[in-house]
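query.tsv, holding TSV, C-alpha atoms:
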```tsv
chain	number	residue	atom	x	y	z
A	1	MET	CA	57.25	-89.26	-49.76
A	2	TYR	CA	53.92	-91.07	-49.39
A	3	ASP	CA	54.52	-94.83	-49.47
A	4	VAL	CA	51.19	-96.49	-50.21
A	5	ILE	CA	52.74	-99.96	-50.14
A	6	LYS	CA	53.93	-99.35	-46.58
A	7	VAL	CA	50.50	-98.01	-45.67
A	8	ARG	CA	48.81	-101.09	-47.13
A	9	ALA	CA	51.03	-103.35	-45.04
A	10	ASP	CA	49.48	-101.76	-41.94
A	11	PHE	CA	46.00	-103.07	-42.87
A	12	PRO	CA	45.88	-106.86	-42.52
A	13	ILE	CA	42.56	-107.38	-44.31
A	14	LEU	CA	44.00	-106.03	-47.57
A	15	SER	CA	46.09	-109.16	-47.99
A	16	ARG	CA	43.09	-111.48	-48.22
A	17	GLU	CA	41.28	-112.78	-51.29
A	18	VAL	CA	37.59	-112.58	-52.17
A	19	ASN	CA	36.14	-115.05	-54.66
A	20	GLY	CA	39.67	-116.20	-55.46
A	21	LYS	CA	40.79	-112.67	-56.33
A	22	PRO	CA	42.86	-110.14	-54.36
A	23	LEU	CA	40.52	-107.88	-52.40
A	24	VAL	CA	40.07	-104.42	-53.91
A	25	TYR	CA	38.19	-102.59	-51.20
A	26	LEU	CA	36.38	-99.56	-52.64
A	27	ASP	CA	33.58	-99.25	-50.08
A	28	ASN	CA	35.39	-96.78	-47.87
A	29	GLY	CA	32.57	-94.25	-48.03
A	30	ALA	CA	30.48	-96.70	-46.02
A	31	SER	CA	33.24	-97.75	-43.61
A	32	ALA	CA	37.03	-97.89	-43.72
A	33	GLN	CA	39.28	-100.83	-42.86
A	34	LYS	CA	41.35	-100.82	-39.67
A	35	PRO	CA	45.15	-100.72	-39.35
A	36	GLN	CA	46.87	-103.33	-37.19
A	37	VAL	CA	47.77	-100.70	-34.60
A	38	VAL	CA	44.06	-100.03	-33.99
A	39	ILE	CA	43.30	-103.75	-33.81
A	40	ASP	CA	46.17	-104.19	-31.33
A	41	THR	CA	44.91	-101.29	-29.22
A	42	ILE	CA	41.43	-102.80	-29.03
A	43	THR	CA	42.79	-106.25	-28.19
A	44	ARG	CA	45.06	-104.87	-25.46
A	45	ALA	CA	42.29	-102.72	-24.01
A	46	TYR	CA	40.06	-105.75	-23.58
A	47	ALA	CA	42.74	-108.30	-22.69
A	48	GLU	CA	44.94	-106.31	-20.35
A	49	GLU	CA	43.45	-102.93	-19.42
A	50	TYR	CA	39.66	-103.17	-19.29
A	51	ALA	CA	37.53	-101.69	-16.53
A	52	ASN	CA	34.74	-99.15	-16.35
A	53	VAL	CA	35.89	-95.54	-16.45
A	54	HIS	CA	35.46	-92.62	-14.03
A	55	ARG	CA	35.15	-92.80	-10.26
A	56	GLY	CA	36.86	-96.19	-9.92
A	57	LEU	CA	39.63	-96.15	-7.34
A	58	HIS	CA	41.46	-99.27	-8.47
A	59	PHE	CA	44.39	-99.54	-10.86
A	60	LEU	CA	42.55	-100.83	-13.93
A	61	SER	CA	39.77	-98.26	-13.67
A	62	ASN	CA	42.31	-95.45	-13.39
A	63	LEU	CA	44.27	-96.84	-16.35
A	64	ALA	CA	41.15	-97.20	-18.52
A	65	THR	CA	40.01	-93.70	-17.54
A	66	ASP	CA	43.37	-92.18	-18.42
A	67	ASN	CA	43.44	-93.95	-21.81
A	68	TYR	CA	39.83	-93.04	-22.53
A	69	GLU	CA	40.07	-89.37	-21.55
A	70	ALA	CA	43.36	-88.96	-23.46
A	71	VAL	CA	41.35	-89.46	-26.64
A	72	ARG	CA	39.54	-86.15	-26.09
A	73	GLY	CA	42.81	-84.29	-26.50
A	74	LYS	CA	43.74	-86.37	-29.54
A	75	ILE	CA	40.49	-85.55	-31.30
A	76	ALA	CA	40.81	-81.89	-30.32
A	77	LYS	CA	44.26	-81.87	-31.95
A	78	PHE	CA	42.97	-83.74	-35.00
A	79	MET	CA	40.22	-81.13	-35.51
A	80	ASN	CA	42.31	-78.17	-34.21
A	81	ALA	CA	39.73	-77.38	-31.54
A	82	GLY	CA	40.45	-74.59	-29.10
A	83	SER	CA	40.06	-76.92	-26.13
A	84	GLU	CA	39.46	-80.59	-25.50
A	85	ASN	CA	36.45	-79.53	-23.43
A	86	GLU	CA	34.74	-78.61	-26.72
A	87	ILE	CA	34.77	-82.29	-27.77
A	88	VAL	CA	31.79	-84.48	-26.85
A	89	PHE	CA	32.13	-88.23	-27.34
A	90	ASN	CA	29.34	-90.24	-28.95
A	91	SER	CA	28.71	-93.38	-30.99
A	92	GLY	CA	29.08	-91.58	-34.32
A	93	THR	CA	27.64	-88.86	-36.52
A	94	THR	CA	24.04	-90.05	-36.21
A	95	GLU	CA	24.08	-89.67	-32.44
A	96	GLY	CA	25.97	-86.38	-32.71
A	97	ILE	CA	23.38	-84.80	-34.99
A	98	ASN	CA	20.52	-86.13	-32.87
A	99	MET	CA	22.24	-84.61	-29.84
A	100	VAL	CA	22.08	-81.22	-31.53
A	101	ALA	CA	18.48	-81.77	-32.64
A	102	TYR	CA	17.25	-82.78	-29.18
A	103	GLY	CA	19.67	-80.82	-27.02
A	104	TRP	CA	19.95	-77.53	-28.88
A	105	ALA	CA	17.31	-77.21	-31.63
A	106	MET	CA	14.31	-78.63	-29.81
A	107	PRO	CA	14.44	-76.19	-26.88
A	108	ASN	CA	15.49	-73.22	-29.04
A	109	LEU	CA	13.26	-73.53	-32.14
A	110	LYS	CA	9.52	-73.02	-32.38
A	111	SER	CA	6.82	-73.54	-34.99
A	112	GLY	CA	7.63	-71.67	-38.19
A	113	ASP	CA	11.36	-71.48	-37.56
A	114	GLU	CA	13.46	-72.71	-40.48
A	115	ILE	CA	16.32	-75.17	-40.98
A	116	ILE	CA	18.22	-75.10	-44.28
A	117	LEU	CA	19.55	-78.34	-45.77
A	118	SER	CA	21.25	-79.14	-49.05
A	119	VAL	CA	19.74	-81.81	-51.25
A	120	MET	CA	22.98	-83.81	-50.82
A	121	GLU	CA	22.49	-84.56	-47.13
A	122	HIS	CA	22.74	-88.06	-45.70
A	123	HIS	CA	19.60	-89.30	-43.98
A	124	ALA	CA	21.42	-88.88	-40.65
A	125	ASN	CA	21.37	-85.13	-41.35
A	126	ILE	CA	17.76	-85.14	-42.53
A	127	VAL	CA	15.66	-87.39	-40.30
A	128	PRO	CA	16.40	-85.59	-36.98
A	129	TRP	CA	15.18	-82.35	-38.55
A	130	HIS	CA	12.03	-84.08	-39.78
A	131	PHE	CA	11.41	-84.99	-36.14
A	132	LEU	CA	11.33	-81.27	-35.40
A	133	ARG	CA	9.11	-80.64	-38.44
A	134	GLU	CA	6.64	-83.30	-37.30
A	135	ARG	CA	6.67	-82.49	-33.59
A	136	GLN	CA	7.25	-78.75	-33.40
A	137	GLY	CA	6.23	-77.34	-36.77
A	138	VAL	CA	9.78	-76.42	-37.83
A	139	VAL	CA	10.11	-75.73	-41.57
A	140	ILE	CA	12.80	-77.47	-43.66
A	141	LYS	CA	14.12	-75.56	-46.68
A	142	TRP	CA	16.15	-77.26	-49.42
A	143	VAL	CA	18.98	-75.95	-51.59
A	144	ASP	CA	19.80	-77.81	-54.81
A	145	VAL	CA	23.15	-78.53	-56.44
A	146	ASP	CA	23.96	-77.65	-60.03
A	147	ALA	CA	24.46	-80.08	-62.92
A	148	THR	CA	28.03	-80.87	-61.84
A	149	GLY	CA	27.01	-81.52	-58.26
A	150	ALA	CA	28.48	-78.24	-56.98
A	151	LEU	CA	26.75	-76.35	-54.18
A	152	ASP	CA	26.97	-72.58	-54.40
A	153	PRO	CA	27.49	-71.25	-50.86
A	154	GLN	CA	25.74	-68.04	-51.84
A	155	ALA	CA	22.62	-70.05	-52.77
A	156	VAL	CA	22.62	-71.42	-49.22
A	157	LEU	CA	23.01	-67.94	-47.73
A	158	ASP	CA	20.34	-66.53	-50.03
A	159	ALA	CA	17.88	-69.05	-48.59
A	160	ILE	CA	18.19	-67.44	-45.15
A	161	THR	CA	15.17	-65.50	-43.94
A	162	PRO	CA	14.45	-63.84	-40.56
A	163	LYS	CA	12.97	-67.18	-39.46
A	164	THR	CA	16.08	-69.23	-40.26
A	165	LYS	CA	17.74	-70.60	-37.14
A	166	LEU	CA	20.05	-73.35	-38.42
A	167	ILE	CA	21.92	-74.51	-41.51
A	168	ALA	CA	22.80	-78.23	-41.42
A	169	ILE	CA	25.21	-79.01	-44.23
A	170	THR	CA	27.63	-81.70	-45.35
A	171	HIS	CA	31.32	-80.88	-45.77
A	172	MET	CA	31.67	-83.55	-48.48
A	173	SER	CA	28.91	-85.46	-50.23
A	174	ASN	CA	29.03	-89.20	-49.69
A	175	VAL	CA	27.57	-89.72	-53.18
A	176	LEU	CA	28.92	-86.94	-55.39
A	177	GLY	CA	32.23	-86.32	-53.64
A	178	THR	CA	31.41	-82.61	-53.76
A	179	LYS	CA	33.41	-80.50	-51.30
A	180	VAL	CA	31.29	-77.73	-49.82
A	181	ASP	CA	32.72	-74.32	-48.95
A	182	VAL	CA	31.48	-74.54	-45.38
A	183	LYS	CA	33.78	-71.75	-44.19
A	184	THR	CA	32.01	-69.22	-46.43
A	185	ILE	CA	28.62	-70.56	-45.36
A	186	CYS	CA	29.56	-70.27	-41.68
A	187	ALA	CA	30.82	-66.71	-42.08
A	188	GLY	CA	27.71	-65.58	-43.96
A	189	ALA	CA	25.36	-67.34	-41.56
A	190	ARG	CA	27.12	-65.93	-38.51
A	191	ALA	CA	26.65	-62.40	-39.86
A	192	LYS	CA	22.90	-63.08	-39.89
A	193	GLY	CA	22.77	-64.76	-36.49
A	194	VAL	CA	22.17	-68.22	-37.94
A	195	ARG	CA	23.86	-71.30	-36.47
A	196	VAL	CA	25.59	-73.93	-38.59
A	197	LEU	CA	26.05	-77.67	-38.14
A	198	VAL	CA	28.58	-79.32	-40.44
A	199	ASP	CA	28.48	-83.05	-41.11
A	200	GLY	CA	32.16	-83.93	-41.44
A	201	SER	CA	31.69	-87.70	-41.76
A	202	GLN	CA	33.20	-87.89	-45.25
A	203	ALA	CA	35.47	-84.85	-45.20
A	204	ALA	CA	37.48	-85.49	-42.03
A	205	VAL	CA	38.99	-88.73	-43.33
A	206	HIS	CA	40.12	-87.24	-46.64
A	207	MET	CA	41.57	-83.84	-45.80
A	208	PRO	CA	42.72	-81.69	-42.88
A	209	VAL	CA	39.88	-80.21	-40.83
A	210	ASP	CA	40.35	-77.03	-38.78
A	211	VAL	CA	37.22	-76.30	-36.79
A	212	GLN	CA	38.56	-72.95	-35.62
A	213	ASP	CA	39.07	-71.86	-39.22
A	214	ILE	CA	35.71	-73.23	-40.40
A	215	ASP	CA	34.01	-71.68	-37.35
A	216	ALA	CA	30.91	-73.89	-37.40
A	217	ASP	CA	28.81	-74.08	-34.26
A	218	PHE	CA	28.77	-77.88	-34.48
A	219	TYR	CA	31.15	-80.16	-36.41
A	220	VAL	CA	30.45	-83.91	-36.34
A	221	VAL	CA	32.74	-86.85	-37.21
A	222	THR	CA	32.30	-90.61	-37.07
A	223	GLY	CA	34.98	-93.06	-36.01
A	224	HIS	CA	34.43	-96.03	-38.30
A	225	LYS	CA	35.16	-93.90	-41.37
A	226	LEU	CA	38.35	-92.62	-39.71
A	227	TYR	CA	39.92	-96.11	-39.65
A	228	GLY	CA	38.62	-96.53	-36.10
A	229	PRO	CA	36.02	-98.84	-34.53
A	230	SER	CA	32.32	-98.69	-35.22
A	231	GLY	CA	30.35	-97.19	-32.36
A	232	SER	CA	32.83	-94.33	-31.91
A	233	GLY	CA	32.62	-90.67	-32.83
A	234	ALA	CA	32.73	-87.10	-31.61
A	235	ILE	CA	31.23	-83.68	-32.08
A	236	HIS	CA	32.93	-80.34	-31.67
A	237	ILE	CA	30.59	-77.79	-30.09
A	238	LYS	CA	31.32	-74.13	-29.50
A	239	PRO	CA	31.19	-73.32	-25.77
A	240	GLU	CA	28.46	-70.74	-26.28
A	241	ARG	CA	26.29	-73.36	-28.00
A	242	MET	CA	26.97	-75.83	-25.17
A	243	ALA	CA	25.63	-73.22	-22.77
A	244	GLU	CA	22.37	-73.14	-24.76
A	245	MET	CA	21.95	-76.94	-24.80
A	246	GLN	CA	19.94	-79.27	-22.62
A	247	PRO	CA	21.21	-82.82	-21.94
A	248	PHE	CA	20.16	-85.25	-24.64
A	249	ILE	CA	20.31	-88.49	-22.59
A	250	GLY	CA	20.10	-88.80	-18.83
A	251	GLY	CA	22.02	-91.23	-16.65
A	252	GLY	CA	25.37	-91.74	-15.02
A	253	ASP	CA	28.41	-89.50	-15.61
A	254	MET	CA	26.38	-86.52	-16.82
A	255	ILE	CA	25.34	-85.61	-13.26
A	256	ARG	CA	27.00	-84.28	-10.12
A	257	GLU	CA	24.18	-85.08	-7.72
A	258	VAL	CA	20.81	-86.79	-7.90
A	259	SER	CA	18.19	-86.49	-5.17
A	260	LYS	CA	14.48	-87.09	-4.86
A	261	SER	CA	13.87	-83.42	-5.50
A	262	GLY	CA	16.20	-82.74	-8.41
A	263	VAL	CA	19.40	-83.16	-10.39
A	264	ILE	CA	22.60	-81.13	-10.55
A	265	TYR	CA	24.25	-81.66	-13.93
A	266	ASN	CA	27.94	-82.15	-14.55
A	267	ASP	CA	29.97	-79.60	-16.47
A	268	ALA	CA	30.27	-79.86	-20.25
A	269	PRO	CA	31.35	-81.96	-22.05
A	270	MET	CA	30.46	-84.62	-19.44
A	271	LYS	CA	26.99	-83.10	-19.21
A	272	PHE	CA	26.26	-84.57	-22.64
A	273	GLU	CA	27.79	-88.04	-22.11
A	274	ALA	CA	25.41	-90.26	-20.18
A	275	GLY	CA	25.98	-93.85	-19.15
A	276	THR	CA	28.86	-96.25	-19.61
A	277	PRO	CA	30.48	-95.12	-22.87
A	278	GLY	CA	32.05	-97.11	-25.68
A	279	ILE	CA	35.30	-97.23	-23.72
A	280	VAL	CA	37.33	-99.49	-25.99
A	281	GLN	CA	35.79	-98.05	-29.15
A	282	MET	CA	36.90	-94.55	-28.19
A	283	ILE	CA	40.38	-95.72	-27.17
A	284	GLY	CA	40.63	-97.39	-30.59
A	285	LEU	CA	39.51	-94.17	-32.27
A	286	GLY	CA	42.27	-92.31	-30.46
A	287	THR	CA	44.83	-94.68	-31.97
A	288	ALA	CA	43.22	-94.29	-35.40
A	289	VAL	CA	43.49	-90.50	-35.40
A	290	ASP	CA	47.07	-90.80	-34.13
A	291	TYR	CA	47.78	-93.06	-37.10
A	292	MET	CA	46.26	-90.60	-39.55
A	293	MET	CA	48.11	-87.62	-38.06
A	294	ASP	CA	51.40	-89.55	-38.06
A	295	THR	CA	50.87	-90.35	-41.73
A	296	GLY	CA	49.92	-86.73	-42.41
A	297	MET	CA	46.51	-85.48	-43.44
A	298	ASP	CA	47.99	-83.33	-46.21
A	299	ALA	CA	49.87	-86.35	-47.57
A	300	ILE	CA	46.72	-88.48	-47.45
A	301	ALA	CA	44.80	-85.78	-49.33
A	302	VAL	CA	47.48	-85.53	-52.04
A	303	HIS	CA	47.51	-89.31	-52.49
A	304	GLU	CA	43.73	-89.57	-52.72
A	305	ASN	CA	43.53	-86.64	-55.13
A	306	SER	CA	46.01	-88.42	-57.40
A	307	LEU	CA	43.78	-91.51	-57.29
A	308	ARG	CA	40.78	-89.34	-58.15
A	309	ASP	CA	42.53	-87.80	-61.13
A	310	TYR	CA	43.74	-91.19	-62.38
A	311	ALA	CA	40.23	-92.64	-62.06
A	312	VAL	CA	38.67	-89.65	-63.83
A	313	ALA	CA	41.04	-90.13	-66.77
A	314	LYS	CA	40.21	-93.85	-66.96
A	315	LEU	CA	36.46	-93.26	-66.77
A	316	GLU	CA	36.54	-90.66	-69.54
A	317	GLY	CA	37.17	-93.48	-72.00
A	318	LEU	CA	34.01	-95.32	-70.97
A	319	ASN	CA	31.11	-93.49	-72.63
A	320	TRP	CA	28.65	-96.05	-71.26
A	321	ILE	CA	29.36	-95.04	-67.66
A	322	GLN	CA	27.57	-92.02	-66.20
A	323	VAL	CA	29.33	-90.53	-63.17
A	324	GLN	CA	27.27	-88.41	-60.79
A	325	GLY	CA	29.22	-85.42	-59.51
A	326	THR	CA	31.94	-83.96	-61.70
A	327	THR	CA	33.35	-80.99	-59.80
A	328	ALA	CA	37.09	-80.64	-60.39
A	329	ASP	CA	38.11	-80.76	-56.72
A	330	LYS	CA	35.72	-83.50	-55.62
A	331	GLY	CA	36.78	-86.22	-53.24
A	332	ALA	CA	37.79	-89.64	-54.55
A	333	ILE	CA	34.18	-90.85	-54.59
A	334	PHE	CA	32.53	-92.09	-57.79
A	335	SER	CA	28.82	-92.84	-57.93
A	336	PHE	CA	27.86	-94.17	-61.32
A	337	THR	CA	25.28	-95.89	-63.47
A	338	MET	CA	25.75	-97.95	-66.62
A	339	ASP	CA	23.97	-97.84	-69.98
A	340	GLY	CA	21.40	-100.54	-70.55
A	341	ALA	CA	19.24	-102.47	-68.13
A	342	ALA	CA	21.97	-103.18	-65.59
A	343	HIS	CA	20.82	-102.40	-62.07
A	344	ALA	CA	23.32	-101.08	-59.56
A	345	HIS	CA	22.94	-104.25	-57.50
A	346	ASP	CA	23.74	-106.44	-60.51
A	347	ILE	CA	26.82	-104.36	-61.36
A	348	SER	CA	28.00	-104.59	-57.77
A	349	THR	CA	27.56	-108.36	-57.76
A	350	ILE	CA	29.64	-108.77	-60.91
A	351	LEU	CA	32.39	-106.54	-59.54
A	352	ASP	CA	32.40	-108.62	-56.35
A	353	LYS	CA	33.19	-111.73	-58.43
A	354	LYS	CA	36.41	-109.95	-59.39
A	355	GLY	CA	37.19	-109.14	-55.78
A	356	VAL	CA	36.10	-105.49	-56.10
A	357	ALA	CA	33.96	-104.26	-53.22
A	358	VAL	CA	31.68	-101.32	-54.05
A	359	ARG	CA	28.33	-100.21	-52.64
A	360	ALA	CA	25.00	-100.16	-54.47
A	361	GLY	CA	21.76	-98.40	-53.61
A	362	GLN	CA	20.65	-94.93	-52.58
A	363	HIS	CA	23.49	-94.48	-50.05
A	364	CYS	CA	21.03	-93.00	-47.53
A	365	THR	CA	20.42	-89.97	-49.77
A	366	GLY	CA	16.80	-90.25	-50.89
A	367	PRO	CA	16.32	-86.53	-51.68
A	368	LEU	CA	19.52	-86.47	-53.76
A	369	MET	CA	18.47	-89.55	-55.74
A	370	GLU	CA	15.12	-87.90	-56.42
A	371	HIS	CA	16.92	-84.73	-57.54
A	372	LEU	CA	19.14	-86.78	-59.89
A	373	GLY	CA	16.19	-88.78	-61.23
A	374	LEU	CA	17.77	-92.08	-60.18
A	375	THR	CA	16.65	-95.02	-58.09
A	376	ALA	CA	20.17	-96.24	-57.25
A	377	THR	CA	23.84	-95.97	-58.17
A	378	CYS	CA	27.00	-97.96	-57.65
A	379	ARG	CA	29.64	-96.16	-55.61
A	380	ALA	CA	33.39	-96.68	-55.58
A	381	SER	CA	35.02	-94.71	-52.77
A	382	PHE	CA	38.78	-94.58	-52.23
A	383	ALA	CA	40.95	-94.37	-49.13
A	384	MET	CA	44.54	-93.80	-48.04
A	385	TYR	CA	45.51	-97.40	-48.86
A	386	ASN	CA	44.09	-97.69	-52.38
A	387	THR	CA	46.34	-97.71	-55.47
A	388	THR	CA	46.23	-96.92	-59.16
A	389	ASP	CA	46.57	-100.66	-59.82
A	390	GLU	CA	43.29	-101.11	-57.97
A	391	VAL	CA	41.70	-98.43	-60.15
A	392	ASP	CA	42.76	-100.53	-63.15
A	393	VAL	CA	41.20	-103.68	-61.66
A	394	TRP	CA	37.98	-101.75	-61.03
A	395	ILE	CA	37.90	-100.46	-64.60
A	396	ASP	CA	38.53	-103.96	-66.00
A	397	ALA	CA	35.67	-105.31	-63.87
A	398	LEU	CA	33.39	-102.53	-65.16
A	399	GLU	CA	34.23	-103.46	-68.73
A	400	LEU	CA	33.36	-107.08	-67.97
A	401	ALA	CA	30.03	-106.00	-66.49
A	402	HIS	CA	29.30	-103.86	-69.53
A	403	ASP	CA	30.05	-106.73	-71.89
A	404	LEU	CA	27.68	-108.99	-69.95
A	405	PHE	CA	24.85	-106.49	-70.10
A	406	ALA	CA	25.46	-105.24	-73.65
```
Would it be possible to restate this file's structure as structure tokens?
Amino acid sequence: MYDVIKVRADFPILSREVNGKPLVYLDNGASAQKPQVVIDTITRAYAEEYANVHRGLHFLSNLATDNYEAVRGKIAKFMNAGSENEIVFNSGTTEGINMVAYGWAMPNLKSGDEIILSVMEHHANIVPWHFLRERQGVVIKWVDVDATGALDPQAVLDAITPKTKLIAITHMSNVLGTKVDVKTICAGARAKGVRVLVDGSQAAVHMPVDVQDIDADFYVVTGHKLYGPSGSGAIHIKPERMAEMQPFIGGGDMIREVSKSGVIYNDAPMKFEAGTPGIVQMIGLGTAVDYMMDTGMDAIAVHENSLRDYAVAKLEGLNWIQVQGTTADKGAIFSFTMDGAAHAHDISTILDKKGVAVRAGQHCTGPLMEHLGLTATCRASFAMYNTTDEVDVWIDALELAHDLFA
């Protein structure tokens, strides 16, 4: 039985007040709060166990290395990877996608080759491909969503031509909450020799992810959304894609030997991890994914789906709220606008006075906002520790905002 009260007790920040009101944190799509066990891990790593990793021969370096490298296996288990050697550490999804752009796409794509994106993509899954468009003449092709925010996987596959080399697609929209059938896209693309990168930033925190079942060439996650530290993340890369990649950043750890005449690179995944890493950040991420797996990803998904359904029912009574993205199985993410002259920033400010934290703006999705004909929305995004009582507080705050702007 999922005990949300017990879960909430694990997150110390949830007990604080904002503007004299109990905090209702609904900005999880931007970044999630951290459980005490993660905070304790970070504190201990700095206070009692810190040293640089790899090649140190002293006790603390060996201890830090063991704790750091153990995270690779934890993330492999979390994503159901075939091997921990398929997991490359990074600072988050942005670095992971850039690694693919520079390390795989840049040496393998030429002028006229095509990359397919959905209109829902986050800027982190758009800008690196624009680099290739600007610098190498790569062509970006866009696939739209329908009126409900759904993305037809067949529409993505129909966009493939003989020049298509990559599909870069979100697993869950950070604005619409739309879940994308990436498994079908990967299967169809593979049959045509097209590679697929999946941005799992939003999906991996809300539902179980099985990279072997999805069968994407690249699957990227970011730590700060997974209840872990900022500056942590990972990408799963198929071994055959690793073999096609060049190193993205050069420096320590990614080499075996360096001489005046050349470099011998380390084996993957170390080949793609240059320099002193975010040691403590990654150790903290390991604890965060342990926490999520101990709680149960299926149980988290059931809880969040119940919050989504409760919120949908509450919002249906507010005909002055327009929710963007209405697919039945969407994630618990609600981007909305309000009738009248109220700007998203003004709505967010009023909600904050009631202790309700939401995000306002374009949410790093300029093409999607253009497609929707909007300049900005408010976004309430739910997590494993949110409750139906907090949905009620949010709705009450929305009604107050509406009354002020009516």
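The gap separating atom CA of A:Val156 from atom CA of A:Asp144 is 8.9 Å, in Å to one decimal.
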Which one is closest to A:Leu109: A:Ala81, A:Leu176, A:Ala406, A:Leu166? Count only C-alpha atoms. A:Leu166
Surrounding residues of A:Met242 excluding itself and chain neighbours under 2 positions, 10 Å, only C-alpha atoms, as an MDAnalysis selection string: chainID A and resid 86 100 103:104 217:218 236:240 244:247 267:269 271:272
Quick one: write out the picked residues with C-alpha atoms as an mmCIF file, in the frame of the given file?
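out15.cif was written with the following content:
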```cif
data_model
loop_
_atom_site.group_PDB
_atom_site.id
_atom_site.type_symbol
_atom_site.label_atom_id
_atom_site.label_comp_id
_atom_site.auth_asym_id
_atom_site.auth_seq_id
_atom_site.Cartn_x
_atom_site.Cartn_y
_atom_site.Cartn_z
ATOM 1 C CA GLU A 86 34.740 -78.610 -26.720
ATOM 2 C CA VAL A 100 22.080 -81.220 -31.530
ATOM 3 C CA GLY A 103 19.670 -80.820 -27.020
ATOM 4 C CA TRP A 104 19.950 -77.530 -28.880
ATOM 5 C CA ASP A 217 28.810 -74.080 -34.260
ATOM 6 C CA PHE A 218 28.770 -77.880 -34.480
ATOM 7 C CA HIS A 236 32.930 -80.340 -31.670
ATOM 8 C CA ILE A 237 30.590 -77.790 -30.090
ATOM 9 C CA LYS A 238 31.320 -74.130 -29.500
ATOM 10 C CA PRO A 239 31.190 -73.320 -25.770
ATOM 11 C CA GLU A 240 28.460 -70.740 -26.280
ATOM 12 C CA GLU A 244 22.370 -73.140 -24.760
ATOM 13 C CA MET A 245 21.950 -76.940 -24.800
ATOM 14 C CA GLN A 246 19.940 -79.270 -22.620
ATOM 15 C CA PRO A 247 21.210 -82.820 -21.940
ATOM 16 C CA ASP A 267 29.970 -79.600 -16.470
ATOM 17 C CA ALA A 268 30.270 -79.860 -20.250
ATOM 18 C CA PRO A 269 31.350 -81.960 -22.050
ATOM 19 C CA LYS A 271 26.990 -83.100 -19.210
ATOM 20 C CA PHE A 272 26.260 -84.570 -22.640
#
```
With all atoms listed in the file as the counted atoms, please give the residues lying no more than 9 Å from stretch 40-53 of chain A, apart from itself and same-chain residues fewer than 4 positions off, as a ChimeraX atom specification. /A:35-36,60-66,68,229,276-277,279-281,283-284,287
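Here the selection is built from all atoms listed in the file, and the residues within 9 Å of (30.1, -77.7, -35.9) turn out to be A:Arg195, A:Val196, A:Leu197, A:Val198, A:Asp199, A:Gly200, A:Val211, A:Ile214, A:Asp215, A:Ala216, A:Asp217, A:Phe218, A:Tyr219, A:Val220, A:Ile235, A:His236, A:Ile237, A:Lys238.
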Residues at most 7 Å from stretch 20-27 of chain A, counting only C-alpha atoms, excluding those fewer than 5 positions away in the same chain, as an MDAnalysis selection string? chainID A and resid 14 354:359 380:382 390
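What separates atom CA of A:Val139 from atom CA of A:Val194 is a distance of 14.7 Å.
Reported to one decimal place, the separation of atom CA of A:Gly233 from atom CA of A:Asp181 is 23.0 Å.
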Which polymer residues have any atom within 12 Å of an atom of A:Asp346, counting only C-alpha atoms, with same-chain residues fewer than 2 positions away left out, as a ChimeraX atom specification? /A:337-338,340-344,348-353,358-361,376-378,398,401-402,404-405
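Proximity ranking of A:Gly137, A:Gly73, A:Gly366, A:Gly331 relative to A:Gly286 places A:Gly73 first, based on all atoms listed in the file.
Comparing the minimum interatomic distances between A:Leu368 and each of A:Val7, A:Met99, A:Leu117, A:Ala105, counting all atoms listed in the file, we find that A:Leu117 sits nearest.
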Report as a VMD selection string all protein, DNA and RNA residues lying within 12 Å of A:Lys110, evaluated on all atoms listed in the file, omitting residues in the same chain fewer than 2 positions from it. chain A and resid 104 to 108 112 to 115 132 to 139 163 to 165
Requested file, stretch 284-306 of chain A restricted to C-alpha atoms, as a PDB file, in the first residue's frame:
```pdb
ATOM      1  CA  GLY A 284      23.760  11.228  -4.408  1.00  0.00           C
ATOM      2  CA  LEU A 285      21.987  10.178  -7.598  1.00  0.00           C
ATOM      3  CA  GLY A 286      22.740   6.555  -6.792  1.00  0.00           C
ATOM      4  CA  THR A 287      20.972   6.956  -3.445  1.00  0.00           C
ATOM      5  CA  ALA A 288      18.050   8.705  -5.159  1.00  0.00           C
ATOM      6  CA  VAL A 289      17.453   5.869  -7.624  1.00  0.00           C
ATOM      7  CA  ASP A 290      17.786   3.375  -4.758  1.00  0.00           C
ATOM      8  CA  TYR A 291      15.082   5.327  -2.934  1.00  0.00           C
ATOM      9  CA  MET A 292      12.778   5.285  -5.957  1.00  0.00           C
ATOM     10  CA  MET A 293      13.310   1.568  -6.597  1.00  0.00           C
ATOM     11  CA  ASP A 294      12.737   0.760  -2.917  1.00  0.00           C
ATOM     12  CA  THR A 295       9.475   2.704  -3.051  1.00  0.00           C
ATOM     13  CA  GLY A 296       8.558   0.972  -6.318  1.00  0.00           C
ATOM     14  CA  MET A 297       8.277   2.629  -9.703  1.00  0.00           C
ATOM     15  CA  ASP A 298       4.945   0.925 -10.395  1.00  0.00           C
ATOM     16  CA  ALA A 299       3.584   2.188  -7.074  1.00  0.00           C
ATOM     17  CA  ILE A 300       4.812   5.709  -7.807  1.00  0.00           C
ATOM     18  CA  ALA A 301       3.126   5.606 -11.221  1.00  0.00           C
ATOM     19  CA  VAL A 302      -0.184   4.433  -9.730  1.00  0.00           C
ATOM     20  CA  HIS A 303      -0.092   7.193  -7.108  1.00  0.00           C
ATOM     21  CA  GLU A 304       0.697   9.918  -9.627  1.00  0.00           C
ATOM     22  CA  ASN A 305      -1.963   8.665 -12.034  1.00  0.00           C
ATOM     23  CA  SER A 306      -4.520   8.928  -9.229  1.00  0.00           C
TER      24      SER A 306
END
```
